[in-house]
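**Q** This is the structure I want to talk about, given as structure tokens.
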Amino acid sequence: MALSASDQKAILQSCISSINHESNLMKQSLNDHKLLPALKHCSNFLNELRTNSLSPKQYYEIYMLIFDSLEILSTYLLNSHNSKQNKLMKAKTSEETQTPFLADLYEIVQYSGNIIPRLYLMIVIGTTYMSTKGAPSKELMKDMIEMCHGVQHPIRGLFLRYYLSQRIKNLLPFSTAADFHDTVEFLIANFIEMNKLWVRLQHQGHSSERELRYQERKELKILVGSNLVRLSQIIDDYKGDEDEHYSSTQFYHDKVFPTITEQIIQCRDHLAQSYLIDVLIQIFPDDFHFATLDELLNDVFLNLNATMKKSELVATLIERFISYKNYVVDLSEDKGKANTSNDVEKLFGRFWAFYLKLNKQEPELPAEEHSMLLQSFISLSLTFDPDNFENLDVVYKYATNELTNQENTSQEQEEMWVQLLSTPIRHFTSIKTLFKLEFFHEFYLKLNKEFQRKISLAIVDKTLSVENEGNIREPEYLSNTPEIDGIFKYLLVLIKDKPVKVNTATDLGVMKTIKINNGEKQITPEFIETQEKICKIIHLVEIPDDPLKTISQLMYIRKKYLNKEVGNLIFTYPTLISRILFKLKLVGYVNLEQKKRGQNDDSLDLLITSNFKNLSVIIDELYQHHQEYSADVILNIYLNVATVADQLRQESICYELFTQCFVVYEENLILNSHQYKYYTHMSPHDVLGGSLAYQSVVAIANVLTKTRFFTKENYENLITKVTLYGSKLLKKQDQCRSVYYCAHLWWWSETLLPPGEKTATIESSSKDRKQEKEETEDKQEHSDPEKAAHEDDEEVLLYRDGKRVLECLQKSLRVADSCMDPYLSLKLFIEILGRCLIFNIYGNGYVDARYINGLIDLIKTNIENLKDDEQEGGGEEEEEEEQEDKDTKEDDEEEEEEKEAVLFKQSQKVFERTLNYISEQQETEGRFEGIIV
Amino acid sequence: MLTLAIGDLFIPERSIDLPTKFKKLLAPNPNSIPSNNKISRVVCLGNILNSQESLKFLHNLSPQFNLVKGEYDNSTILSQQLSILSHNKEEIIPYCNVFTHDNLRIGYTNGYQIVPKGDPLALSAFSRELDVDILIWGGSHRVEAYTLDGKFFVNPGSATGAITFDWPDNEAYEEEEEANKETEMKEDKPDEKKEEKETEQGIEDQTESKQESSKINKEILSEVTELNSNIPSFCLLDIQGSTCILYIYTYLNGEVKVDKVTYTRD
Amino acid sequence: MSIFFKAPLDIEIRLDNEESRKHVDVKTPQGRMEKLPIYKDGESVKGTVTLRTRDGRKVEHLGVKVQLLGSIDTNVDGLVSSEFLSLATELAAPAQLTHPESYPFEFKNVEKQYESYRGKNAKLRYYLKVTVLRKSSAEITREKELWVFHYSAPQTPAVTTIPAAGVKMDVGIEDCLHIEFEYSKSRFSLTDVIVGRIYFLLVRLKIKHMELSLIRRETVGAPPNQITDSETVVRFEIMDGAPVKGETIPIRLFLNGFDLIPTYRDVNKKFSTRTYLSLVLIDEDARRYFKQSEIILYREQ
């Protein structure tokens, strides 16, 4: 067809207008009851279907127009037939010899010289005739289908036969066995012929148009399939007449299947085969496929066009079976077990036999095909026989031995194997099912690392997934060594992962990376994510109700898996340690509770002690490899362990841990050369932040204030030491703040212990305590007798040394005073005032109203002085301030000055708020008596 | 519009993930950005622990995501992760921050640098330092909200119910003991089941763990575990004028519970 | 027809039961249709001749006779007519006619050897001829044509050399086309249907369509002075598009509706009409390939 698209369009338009014209004339003639002229017009518009110049789509367009016009004719004919029959009935002539009007007409139209109009007319009349009573339906059917042979042109023939099948589809007889057979034959015959025409279409025209033809054929495929659809319906509707032995499955197996598949095989056409096999699988019931499975696989699939992807066919079939199975399962919930299950169980075997044959027949089958096929088999096995994993192992064994032995497996091939391995992972509801597959891991090991990672990640994701088919579920625990090994052997590749693979993407900065270790190392976000997932898996190592066992399993995974790549310890160990520590905490609490109930168990004590030691070993390992950049993390870990150790009354361990903290501090934190920019940008006026060393001191202090079971001596050793660290910090503000914070170490504000428990720090030396008490009482006389009385009421005694608190506050005042920056000094004074108020409320008699008043005066004086200084700058300052509000400042120096002014103003405001607070408290709470605001 | 206060996720170090019910509640449209159209600002109190996925989840909840550094956060990594998410330049993760909503000034910080940690007077002093009406802080893993000295103090707790190594909350312990007594009758059955499971497992691991497990009294263990566990929680602040209605969401026994606390500045 | 000389007598030939008799429409050479009564072989021809004088004049005649004639007109080398049948009956003795007079006549069981036929170069007709003899030798005649059909019973064995059973033919062009066609029989009644099939054994031509035509061939005279005239009576498309090897195309052609005549062989050694069935294949370059074969047509009751 060398016609241009616009030519075709013009032709189409002229066809359409001609059809409309003739169709109208036909209608007029029919209105005038002039049948022969009507048929003439009809024939005229049918002639348009003889065109050779239209694309299938356009042809379809005119076909539809004509279809509608013919329906009008058909309706007219049916009506006039009926009225004629009625007249005959009334006349009671009942002449048997009288041939019915439609029969005559059927013959008359056959004089039409051109075959296309002739056959359409025959069909429209023939089928109309069939719809009347007493018509020789079967003869008509046979005649029409036979005569259709005359049209051998692919498109015209397809549409003609489609017309036949559309018109006849509801007229096909199947009430008796004979009728049924004829109807089936009819449909199959039409199918075969249509398929031939369809296939032939491919070879029409110039070879350069092959692709175009292919597309055209795709558009037409439904015409061919329609026959099979109707066939399936008829078989479904037919109930076997009187024949008790009739079985539709058997019928399909014996009659329908061989004919259709023979046709499919013989046409050797790729499109036809793939479409028709698909249709075959989709439209016929599953029982039929079960009955013909072996034939379908071995006689049909193996004999198809070599370019056909067997995997797609198999996948369609297996999907069909799977949805059937799911359907049956749904049904069987009320009906009991499905009866077909017996031969269904052998399904896998049948597919496998096919697969082996296929391999023999096509030794060069591409990896993709293997992979897809095997994936389908796996899905099949998992659906039909979910508890039998032998089948899967058969698959993986085969794959391991046969498929991966080729050297130089390509990237694509490996990708396919990844797919293969992923299939069961997606399918399993429990990842533990994987452990039953012996060869899965062997096969996995044959892949290269990159692909192993993919599989491993899939396994991890599945393990962690909390949604299963829409239901929220808890991830499953890994509670024994085989299960742990089962998962972790796949994790190993992730554990050993290198943070960044050096390739061009990273070099060019295309890949997103994150800098760590002070910018010396790069990691990818994906790497962090992977490590995160490993950590999540660590959470799943859990033996419910047995924390000790859980601890030993956690220790086990560390030794066997996690420490295989020391560079990555910092990503996984904190999680591991947290888990162990928490379990240990639980064990310890249980131990304490048991002791309380008189169930002493020395071996448990021992276990706890040894586990603390084991834990220290782990932390130490982490420290060895990561102290340079992650000392702060490790300090926190030590502090956590120490907290727990104290709660569990493991004093010596706890003491040792704090010592460790000090080691970490002194070795890595005092003068950290990797001061992250995040720690250095802060303004000294900010209460939070400060140097890493300062933060470390605060962290240690914060933990120490909550320890309760040191002997007083040990406790004081530790707190003195940490306070000393604070006082030796480099920056004044750090010194000042850490020291006033450390003041809290001498003044516990909360009991923390369970009711009835007493802290060891005070009990350890009752002498000290008495002294202490006396001393405090002495002081209290100075200040507030009410507070003292209140304190006496407290059942639990807290470690308090008001004098030392005061000393600390004094020390920080001195530091603050020694600041070169008067604004900073002022800021720190105000902060210390805040601290003093806290201690005052807590009832520290040493920090009394007199002391606070002194401090307030000091601050006021300082403020006045600074104001005076600023006055010297004159009104300029105020102007500047105003300007500052407008953000118009540019000059550096001025900005600096301005900054100071802002800070000064802020400090004044904080001071104001503090004073307000004091007076409010005086009014509402009766606190701060004697403090002059 | 609401402000979400959430923190102390500790993913993956101490928890696998947020409770799924929380996720669905917080992000009704998980695939769009923002994933919740009722929340105008998310205030995160840190301790996300470099979980990219969790950070993304929180970041995408609302148009504005404010984060402060938690005690265990690596702010180097965190700020880079955040910049990848927001496509903005890397920014320094602050220790605390302040914003104003209607007539209220709200400050937030993780609170680990406040000494003594979680001390009401220390927090009060800090709120004066920041000059805020509401102070949101975290780090304790226990949801709290109280008014002190005319200011409102809110701790949304840990959204994952992450474990802590601090002392257990002894007040809660007492309350729980009472609660336990009340529900003892009901819990009979699950206990039996548990025991069955144990015996099964006992058979499996007989050789290995019989000795060890015998040392631990299961009943005490479950009490102790409960005592040391934290309830997942977060808070929503609905601020209008000088009033803040605080909704506290907790996740207990598979159900989400909501409590309401109202604060009005004098 | 205008008559310059108006005959003084009107002759009317009326046949018995003429109204109820079957008629046939025949085309005159002038292209008009005329209706002629149909007679069978051996059927008596019976009727009445009525003579009427014009304008009440007296007409004398030397006798009146009626003839039944059968003649064949051929046009090979000029028009030649020959009679093969001539029967006569005297209707009246010489007399004078003053008022209309009617004479019944009957030719009993006349053998009519041939069918009536009007072809291009040959004509076979039967007619009644009434002659009124007159002194002045100016006879007055009147003719009336009859149409004769021969009906042959279908079961009668073949009169021909072509076997009555199915016809099978195997034709082709070397390495291009090889077809086999088959008709159920070779003798057809005129109301019959030609049924058959074409089987394609080899197709290397790009066939566009295929048609079946019926060709009537009239042969007049004897060699060497023989004239043959062919006319395609029917053209009927039986296939659209190109078949592939192994395809079978059905043939069905209803004959009833066409203007066909039976096969006549050497009618009175003067002429023959035969009908040929021609299968024509037309390829994409409009080349035609055909195969003809004779069929025998006969008229069936």
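Residues are named by chain letter and number: chains run A, B, ... in the order of the structure tokens, numbers start at 1 in each chain, and ligands are numbered from 1 in the order shown.
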Residues of chain B were defined as contacting chain A if any atom lay at most 7 Å from it, counting only C-alpha atoms; please report them as an mmCIF file with N, CA and C atoms, in the first residue's frame.
**A**
data_model
loop_
_atom_site.group_PDB
_atom_site.id
_atom_site.type_symbol
_atom_site.label_atom_id
_atom_site.label_comp_id
_atom_site.auth_asym_id
_atom_site.auth_seq_id
_atom_site.Cartn_x
_atom_site.Cartn_y
_atom_site.Cartn_z
ATOM 1 N N PRO B 12 18.392 3.250 64.529
ATOM 2 C CA PRO B 12 18.068 1.876 64.886
ATOM 3 C C PRO B 12 18.654 1.433 66.230
ATOM 4 N N GLU B 13 19.283 2.337 66.952
ATOM 5 C CA GLU B 13 20.049 1.830 68.079
ATOM 6 C C GLU B 13 19.172 1.153 69.130
ATOM 7 N N ARG B 14 18.038 1.771 69.406
ATOM 8 C CA ARG B 14 17.252 1.182 70.487
ATOM 9 C C ARG B 14 15.841 0.779 70.060
ATOM 10 N N ILE B 16 13.367 -0.493 66.404
ATOM 11 C CA ILE B 16 13.377 -0.806 64.975
ATOM 12 C C ILE B 16 12.678 0.282 64.186
ATOM 13 N N SER B 51 19.054 7.758 61.120
ATOM 14 C CA SER B 51 18.205 6.886 60.328
ATOM 15 C C SER B 51 17.603 7.734 59.220
ATOM 16 N N GLN B 52 18.152 7.538 58.034
ATOM 17 C CA GLN B 52 17.737 8.342 56.889
ATOM 18 C C GLN B 52 16.234 8.243 56.669
ATOM 19 N N THR B 76 27.220 15.922 62.379
ATOM 20 C CA THR B 76 27.891 16.030 61.073
ATOM 21 C C THR B 76 27.089 15.280 60.023
ATOM 22 N N ILE B 77 26.780 14.045 60.353
ATOM 23 C CA ILE B 77 26.040 13.233 59.384
ATOM 24 C C ILE B 77 24.623 13.774 59.241
ATOM 25 N N GLN B 80 24.148 16.700 56.998
ATOM 26 C CA GLN B 80 24.327 16.346 55.582
ATOM 27 C C GLN B 80 23.125 15.577 55.063
ATOM 28 N N ILE B 92 23.860 24.036 60.194
ATOM 29 C CA ILE B 92 24.259 23.523 61.502
ATOM 30 C C ILE B 92 23.012 23.170 62.307
ATOM 31 N N TYR B 95 21.360 23.468 69.118
ATOM 32 C CA TYR B 95 21.056 22.735 70.349
ATOM 33 C C TYR B 95 19.661 23.082 70.855
ATOM 34 N N GLN B 113 21.815 18.784 77.852
ATOM 35 C CA GLN B 113 22.862 19.623 78.448
ATOM 36 C C GLN B 113 22.355 20.398 79.648
ATOM 37 N N VAL B 115 21.600 20.554 83.384
ATOM 38 C CA VAL B 115 22.039 19.796 84.563
ATOM 39 C C VAL B 115 21.266 20.302 85.783
ATOM 40 N N PRO B 116 20.714 19.444 86.567
ATOM 41 C CA PRO B 116 20.538 18.000 86.352
ATOM 42 C C PRO B 116 19.505 17.764 85.260
ATOM 43 N N LYS B 117 19.717 16.742 84.521
ATOM 44 C CA LYS B 117 18.861 16.450 83.372
ATOM 45 C C LYS B 117 17.409 16.334 83.831
ATOM 46 N N LEU B 121 13.460 22.748 88.039
ATOM 47 C CA LEU B 121 13.973 24.082 88.304
ATOM 48 C C LEU B 121 15.010 24.484 87.266
ATOM 49 N N ALA B 125 14.720 27.590 84.762
ATOM 50 C CA ALA B 125 15.764 28.585 84.556
ATOM 51 C C ALA B 125 16.088 28.718 83.073
ATOM 52 N N ARG B 128 13.587 30.722 81.226
ATOM 53 C CA ARG B 128 13.781 32.168 81.430
ATOM 54 C C ARG B 128 14.904 32.671 80.538
ATOM 55 N N GLU B 129 15.913 31.856 80.421
ATOM 56 C CA GLU B 129 17.036 32.203 79.570
ATOM 57 C C GLU B 129 16.555 32.438 78.127
ATOM 58 N N PHE B 165 18.524 3.934 79.853
ATOM 59 C CA PHE B 165 19.296 3.252 80.887
ATOM 60 C C PHE B 165 19.197 3.974 82.205
ATOM 61 N N ASP B 166 18.364 5.027 82.192
ATOM 62 C CA ASP B 166 18.169 5.773 83.434
ATOM 63 C C ASP B 166 17.387 4.940 84.439
ATOM 64 N N TRP B 167 17.273 5.538 85.581
ATOM 65 C CA TRP B 167 16.463 4.877 86.598
ATOM 66 C C TRP B 167 15.027 4.754 86.107
ATOM 67 N N ASN B 170 9.922 5.441 89.295
ATOM 68 C CA ASN B 170 9.386 4.690 90.420
ATOM 69 C C ASN B 170 7.943 5.044 90.765
ATOM 70 N N SER B 209 20.137 -23.875 77.459
ATOM 71 C CA SER B 209 19.677 -22.759 78.275
ATOM 72 C C SER B 209 18.929 -23.167 79.552
ATOM 73 N N GLU B 212 20.533 -21.564 82.621
ATOM 74 C CA GLU B 212 20.447 -20.112 82.728
ATOM 75 C C GLU B 212 19.038 -19.633 82.967
ATOM 76 N N SER B 213 18.140 -20.188 82.202
ATOM 77 C CA SER B 213 16.788 -19.659 82.294
ATOM 78 C C SER B 213 16.163 -19.999 83.650
ATOM 79 N N LYS B 215 17.362 -19.621 86.328
ATOM 80 C CA LYS B 215 17.751 -18.657 87.344
ATOM 81 C C LYS B 215 16.824 -17.450 87.388
ATOM 82 N N LYS B 218 10.250 -15.800 85.811
ATOM 83 C CA LYS B 218 9.568 -15.152 84.680
ATOM 84 C C LYS B 218 8.634 -14.033 85.135
ATOM 85 N N ILE B 220 8.833 -12.142 87.730
ATOM 86 C CA ILE B 220 9.595 -10.941 88.065
ATOM 87 C C ILE B 220 10.127 -10.300 86.794
ATOM 88 N N LEU B 221 10.558 -11.141 85.884
ATOM 89 C CA LEU B 221 11.107 -10.612 84.634
ATOM 90 C C LEU B 221 10.081 -9.740 83.906
ATOM 91 N N VAL B 224 9.673 -6.525 85.742
ATOM 92 C CA VAL B 224 10.858 -5.691 85.567
ATOM 93 C C VAL B 224 10.905 -5.115 84.155
ATOM 94 N N THR B 225 10.531 -5.956 83.198
ATOM 95 C CA THR B 225 10.551 -5.491 81.815
ATOM 96 C C THR B 225 9.572 -4.346 81.648
#
**Q** Could the residues of chain C within 8 Å of chain A, counting only C-alpha atoms, be given as a PyMOL selection string, please?
**A** chain C and resi 235-243+248-250+253-254+257
**Q** Store the residues picked out above, limited to all heavy atoms, as an mmCIF file, in the first residue's frame.
**A**
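Writing done, so here's part_33.cif:
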data_model
loop_
_atom_site.group_PDB
_atom_site.id
_atom_site.type_symbol
_atom_site.label_atom_id
_atom_site.label_comp_id
_atom_site.auth_asym_id
_atom_site.auth_seq_id
_atom_site.Cartn_x
_atom_site.Cartn_y
_atom_site.Cartn_z
ATOM 1 N N ARG C 235 -20.945 -13.847 -15.069
ATOM 2 C CA ARG C 235 -19.608 -13.628 -14.502
ATOM 3 C C ARG C 235 -19.802 -13.595 -12.990
ATOM 4 O O ARG C 235 -20.593 -12.801 -12.487
ATOM 5 C CB ARG C 235 -19.053 -12.313 -15.021
ATOM 6 C CG ARG C 235 -17.638 -12.079 -14.592
ATOM 7 C CD ARG C 235 -17.088 -10.923 -15.351
ATOM 8 N NE ARG C 235 -16.470 -11.372 -16.605
ATOM 9 C CZ ARG C 235 -15.863 -10.521 -17.434
ATOM 10 N NH1 ARG C 235 -15.826 -9.243 -17.182
ATOM 11 N NH2 ARG C 235 -15.303 -10.972 -18.538
ATOM 12 N N PHE C 236 -19.064 -14.429 -12.277
ATOM 13 C CA PHE C 236 -19.383 -14.639 -10.866
ATOM 14 C C PHE C 236 -18.096 -14.777 -10.064
ATOM 15 O O PHE C 236 -17.313 -15.706 -10.249
ATOM 16 C CB PHE C 236 -20.213 -15.928 -10.774
ATOM 17 C CG PHE C 236 -20.860 -16.163 -9.459
ATOM 18 C CD1 PHE C 236 -21.934 -15.375 -9.040
ATOM 19 C CD2 PHE C 236 -20.422 -17.184 -8.618
ATOM 20 C CE1 PHE C 236 -22.552 -15.615 -7.815
ATOM 21 C CE2 PHE C 236 -21.022 -17.417 -7.399
ATOM 22 C CZ PHE C 236 -22.101 -16.627 -6.995
ATOM 23 N N GLU C 237 -17.897 -13.838 -9.216
ATOM 24 C CA GLU C 237 -16.656 -13.863 -8.414
ATOM 25 C C GLU C 237 -16.770 -14.951 -7.345
ATOM 26 O O GLU C 237 -17.761 -15.010 -6.605
ATOM 27 C CB GLU C 237 -16.460 -12.493 -7.745
ATOM 28 C CG GLU C 237 -15.128 -12.344 -7.045
ATOM 29 C CD GLU C 237 -14.978 -11.004 -6.301
ATOM 30 O OE1 GLU C 237 -16.030 -10.416 -5.921
ATOM 31 O OE2 GLU C 237 -13.863 -10.559 -6.108
ATOM 32 N N ILE C 238 -15.779 -15.794 -7.295
ATOM 33 C CA ILE C 238 -15.863 -16.834 -6.263
ATOM 34 C C ILE C 238 -14.732 -16.742 -5.245
ATOM 35 O O ILE C 238 -14.732 -17.435 -4.245
ATOM 36 C CB ILE C 238 -15.867 -18.264 -6.862
ATOM 37 C CG1 ILE C 238 -14.644 -18.467 -7.742
ATOM 38 C CG2 ILE C 238 -17.158 -18.516 -7.600
ATOM 39 C CD1 ILE C 238 -14.434 -19.911 -8.089
ATOM 40 N N MET C 239 -13.787 -15.894 -5.495
ATOM 41 C CA MET C 239 -12.724 -15.788 -4.500
ATOM 42 C C MET C 239 -12.157 -14.380 -4.511
ATOM 43 O O MET C 239 -11.962 -13.784 -5.554
ATOM 44 C CB MET C 239 -11.605 -16.780 -4.792
ATOM 45 C CG MET C 239 -10.553 -16.826 -3.704
ATOM 46 S SD MET C 239 -9.243 -17.961 -4.115
ATOM 47 C CE MET C 239 -8.295 -16.962 -5.229
ATOM 48 N N ASP C 240 -11.909 -13.893 -3.319
ATOM 49 C CA ASP C 240 -11.320 -12.569 -3.168
ATOM 50 C C ASP C 240 -10.005 -12.750 -2.427
ATOM 51 O O ASP C 240 -9.968 -13.377 -1.374
ATOM 52 C CB ASP C 240 -12.290 -11.696 -2.354
ATOM 53 C CG ASP C 240 -11.691 -10.342 -2.018
ATOM 54 O OD1 ASP C 240 -10.875 -9.843 -2.796
ATOM 55 O OD2 ASP C 240 -12.062 -9.792 -0.960
ATOM 56 N N GLY C 241 -8.964 -12.262 -2.977
ATOM 57 C CA GLY C 241 -7.675 -12.377 -2.308
ATOM 58 C C GLY C 241 -6.916 -13.611 -2.759
ATOM 59 O O GLY C 241 -7.418 -14.415 -3.545
ATOM 60 N N ALA C 242 -5.700 -13.702 -2.242
ATOM 61 C CA ALA C 242 -4.830 -14.783 -2.684
ATOM 62 C C ALA C 242 -4.874 -15.941 -1.700
ATOM 63 O O ALA C 242 -4.643 -15.748 -0.520
ATOM 64 C CB ALA C 242 -3.406 -14.263 -2.809
ATOM 65 N N PRO C 243 -5.158 -17.106 -2.225
ATOM 66 C CA PRO C 243 -5.136 -18.260 -1.329
ATOM 67 C C PRO C 243 -3.701 -18.750 -1.164
ATOM 68 O O PRO C 243 -2.808 -18.340 -1.893
ATOM 69 C CB PRO C 243 -5.975 -19.279 -2.085
ATOM 70 C CG PRO C 243 -5.712 -18.967 -3.517
ATOM 71 C CD PRO C 243 -5.442 -17.486 -3.601
ATOM 72 N N THR C 248 -8.845 -24.569 -0.051
ATOM 73 C CA THR C 248 -9.922 -25.063 -0.911
ATOM 74 C C THR C 248 -11.006 -24.000 -0.968
ATOM 75 O O THR C 248 -11.455 -23.510 0.059
ATOM 76 C CB THR C 248 -10.522 -26.342 -0.311
ATOM 77 O OG1 THR C 248 -9.495 -27.292 -0.167
ATOM 78 C CG2 THR C 248 -11.613 -26.897 -1.224
ATOM 79 N N ILE C 249 -11.378 -23.658 -2.168
ATOM 80 C CA ILE C 249 -12.391 -22.621 -2.338
ATOM 81 C C ILE C 249 -13.663 -23.269 -2.876
ATOM 82 O O ILE C 249 -13.615 -24.009 -3.852
ATOM 83 C CB ILE C 249 -11.898 -21.547 -3.344
ATOM 84 C CG1 ILE C 249 -10.531 -21.005 -2.930
ATOM 85 C CG2 ILE C 249 -12.925 -20.432 -3.499
ATOM 86 C CD1 ILE C 249 -10.493 -20.333 -1.593
ATOM 87 N N PRO C 250 -14.758 -22.977 -2.219
ATOM 88 C CA PRO C 250 -16.009 -23.599 -2.681
ATOM 89 C C PRO C 250 -16.568 -22.869 -3.892
ATOM 90 O O PRO C 250 -16.369 -21.681 -4.073
ATOM 91 C CB PRO C 250 -16.932 -23.443 -1.485
ATOM 92 C CG PRO C 250 -16.446 -22.209 -0.794
ATOM 93 C CD PRO C 250 -14.965 -22.119 -1.047
ATOM 94 N N LEU C 253 -22.893 -21.995 -7.826
ATOM 95 C CA LEU C 253 -23.484 -21.046 -8.759
ATOM 96 C C LEU C 253 -24.898 -21.515 -9.084
ATOM 97 O O LEU C 253 -25.104 -22.609 -9.620
ATOM 98 C CB LEU C 253 -22.624 -20.980 -10.029
ATOM 99 C CG LEU C 253 -23.105 -20.055 -11.123
ATOM 100 C CD1 LEU C 253 -23.272 -18.631 -10.607
ATOM 101 C CD2 LEU C 253 -22.101 -20.075 -12.280
ATOM 102 N N PHE C 254 -25.862 -20.699 -8.690
ATOM 103 C CA PHE C 254 -27.247 -21.004 -9.033
ATOM 104 C C PHE C 254 -27.464 -20.585 -10.487
ATOM 105 O O PHE C 254 -27.130 -19.477 -10.883
ATOM 106 C CB PHE C 254 -28.200 -20.207 -8.136
ATOM 107 C CG PHE C 254 -28.260 -20.727 -6.739
ATOM 108 C CD1 PHE C 254 -27.386 -20.288 -5.774
ATOM 109 C CD2 PHE C 254 -29.223 -21.669 -6.407
ATOM 110 C CE1 PHE C 254 -27.450 -20.778 -4.489
ATOM 111 C CE2 PHE C 254 -29.301 -22.153 -5.114
ATOM 112 C CZ PHE C 254 -28.416 -21.711 -4.153
ATOM 113 N N GLY C 257 -31.343 -18.236 -12.210
ATOM 114 C CA GLY C 257 -31.614 -16.819 -12.439
ATOM 115 C C GLY C 257 -30.994 -16.279 -13.719
ATOM 116 O O GLY C 257 -31.189 -15.124 -14.057
#
**Q** Can you tell me how far atom CA of C:Gln96 sits from atom CA of C:Pro8, in Å to one decimal?
**A**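 Computed distance, atom CA of C:Gln96 to atom CA of C:Pro8, equals 12.5 Å.
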**Q** Considering only C-alpha atoms, can you say which of B:Ala145, B:Leu104, B:Val256, B:Ala159 comes closest to B:Thr243?
**A**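 Nearest candidate to B:Thr243 out of B:Ala145, B:Leu104, B:Val256, B:Ala159: B:Leu104.
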**Q** Near B:Ile39, counting only C-alpha atoms, which residues have an atom at most 6 Å away, once you skip same-chain residues fewer than 5 positions from it, shown as number ranges by chain?
**A** B: 1-3, 62
**Q** Env of C:Ile179: 10 Å cut, atoms = only C-alpha atoms, seq-sep filter 5 positions within chain, self excluded. Answer as a PyMOL selection string.
**A** chain C and resi 169-173+198-203+245-248
**Q** Of the residues B:Ile11, B:Lys21, B:Ser35, B:Ser54, which is the one nearest to B:Asn253, using only C-alpha atoms?
**A** B:Lys21
**Q** Any idea what's packed within 12 Å of A:Ser29, counting only C-alpha atoms, ignoring anything in its chain fewer than 4 positions away? Could you give it as a PyMOL selection string?
**A** chain A and resi 22-25+33-42+72-73+76
**Q** Emit the selected residues as a PDB file, in the first residue's frame, including C-alpha atoms.
**A**
ATOM      1  CA  GLU A  22     -26.650   3.988   0.133  1.00  0.00           C
ATOM      2  CA  SER A  23     -27.708   3.079   3.591  1.00  0.00           C
ATOM      3  CA  ASN A  24     -30.237   5.891   3.571  1.00  0.00           C
ATOM      4  CA  LEU A  25     -31.528   4.774   0.217  1.00  0.00           C
ATOM      5  CA  HIS A  33     -41.521  -2.089   1.291  1.00  0.00           C
ATOM      6  CA  LYS A  34     -39.453  -2.383  -1.834  1.00  0.00           C
ATOM      7  CA  LEU A  35     -37.209  -5.187  -0.848  1.00  0.00           C
ATOM      8  CA  LEU A  36     -35.276  -5.801  -4.024  1.00  0.00           C
ATOM      9  CA  PRO A  37     -34.164  -2.193  -4.466  1.00  0.00           C
ATOM     10  CA  ALA A  38     -33.287  -2.202  -0.807  1.00  0.00           C
ATOM     11  CA  LEU A  39     -31.076  -5.204  -1.346  1.00  0.00           C
ATOM     12  CA  LYS A  40     -29.548  -3.474  -4.289  1.00  0.00           C
ATOM     13  CA  HIS A  41     -28.551  -0.488  -2.152  1.00  0.00           C
ATOM     14  CA  CYS A  42     -27.378  -2.793   0.488  1.00  0.00           C
ATOM     15  CA  ILE A  72     -31.593  -2.395  10.173  1.00  0.00           C
ATOM     16  CA  LEU A  73     -32.040  -4.723   7.247  1.00  0.00           C
ATOM     17  CA  TYR A  76     -36.879  -5.420   8.751  1.00  0.00           C
TER      18      TYR A  76
END
**Q** Which parts of stretch 276-500 of chain A does DSSP call strand (DSSP E or B) when run on the backbone here, written out as an NGL selection string?
**A** :A and (467-468 or 471-472 or 478)
**Q** Could you turn the residues from that selection into a file that holds N, CA and C atoms, as a compact mmCIF listing (two decimals), in the first residue's frame?
**A**
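Just written: selection-v2.txt:
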# COMPACT_ATOMS: atom_id res chain seq x y z
N GLU A 467 4.47 -5.19 57.28
CA GLU A 467 3.16 -5.36 56.66
C GLU A 467 3.19 -6.60 55.80
N ASN A 468 2.19 -7.42 56.00
CA ASN A 468 2.09 -8.60 55.18
C ASN A 468 0.69 -8.67 54.61
N ASN A 471 -1.78 -6.63 56.38
CA ASN A 471 -1.90 -6.78 57.83
C ASN A 471 -0.61 -6.33 58.51
N ILE A 472 -0.80 -5.65 59.60
CA ILE A 472 0.37 -5.24 60.36
C ILE A 472 0.76 -6.43 61.24
N LEU A 478 14.58 -13.79 65.93
CA LEU A 478 15.54 -14.85 65.64
C LEU A 478 15.98 -15.37 66.99
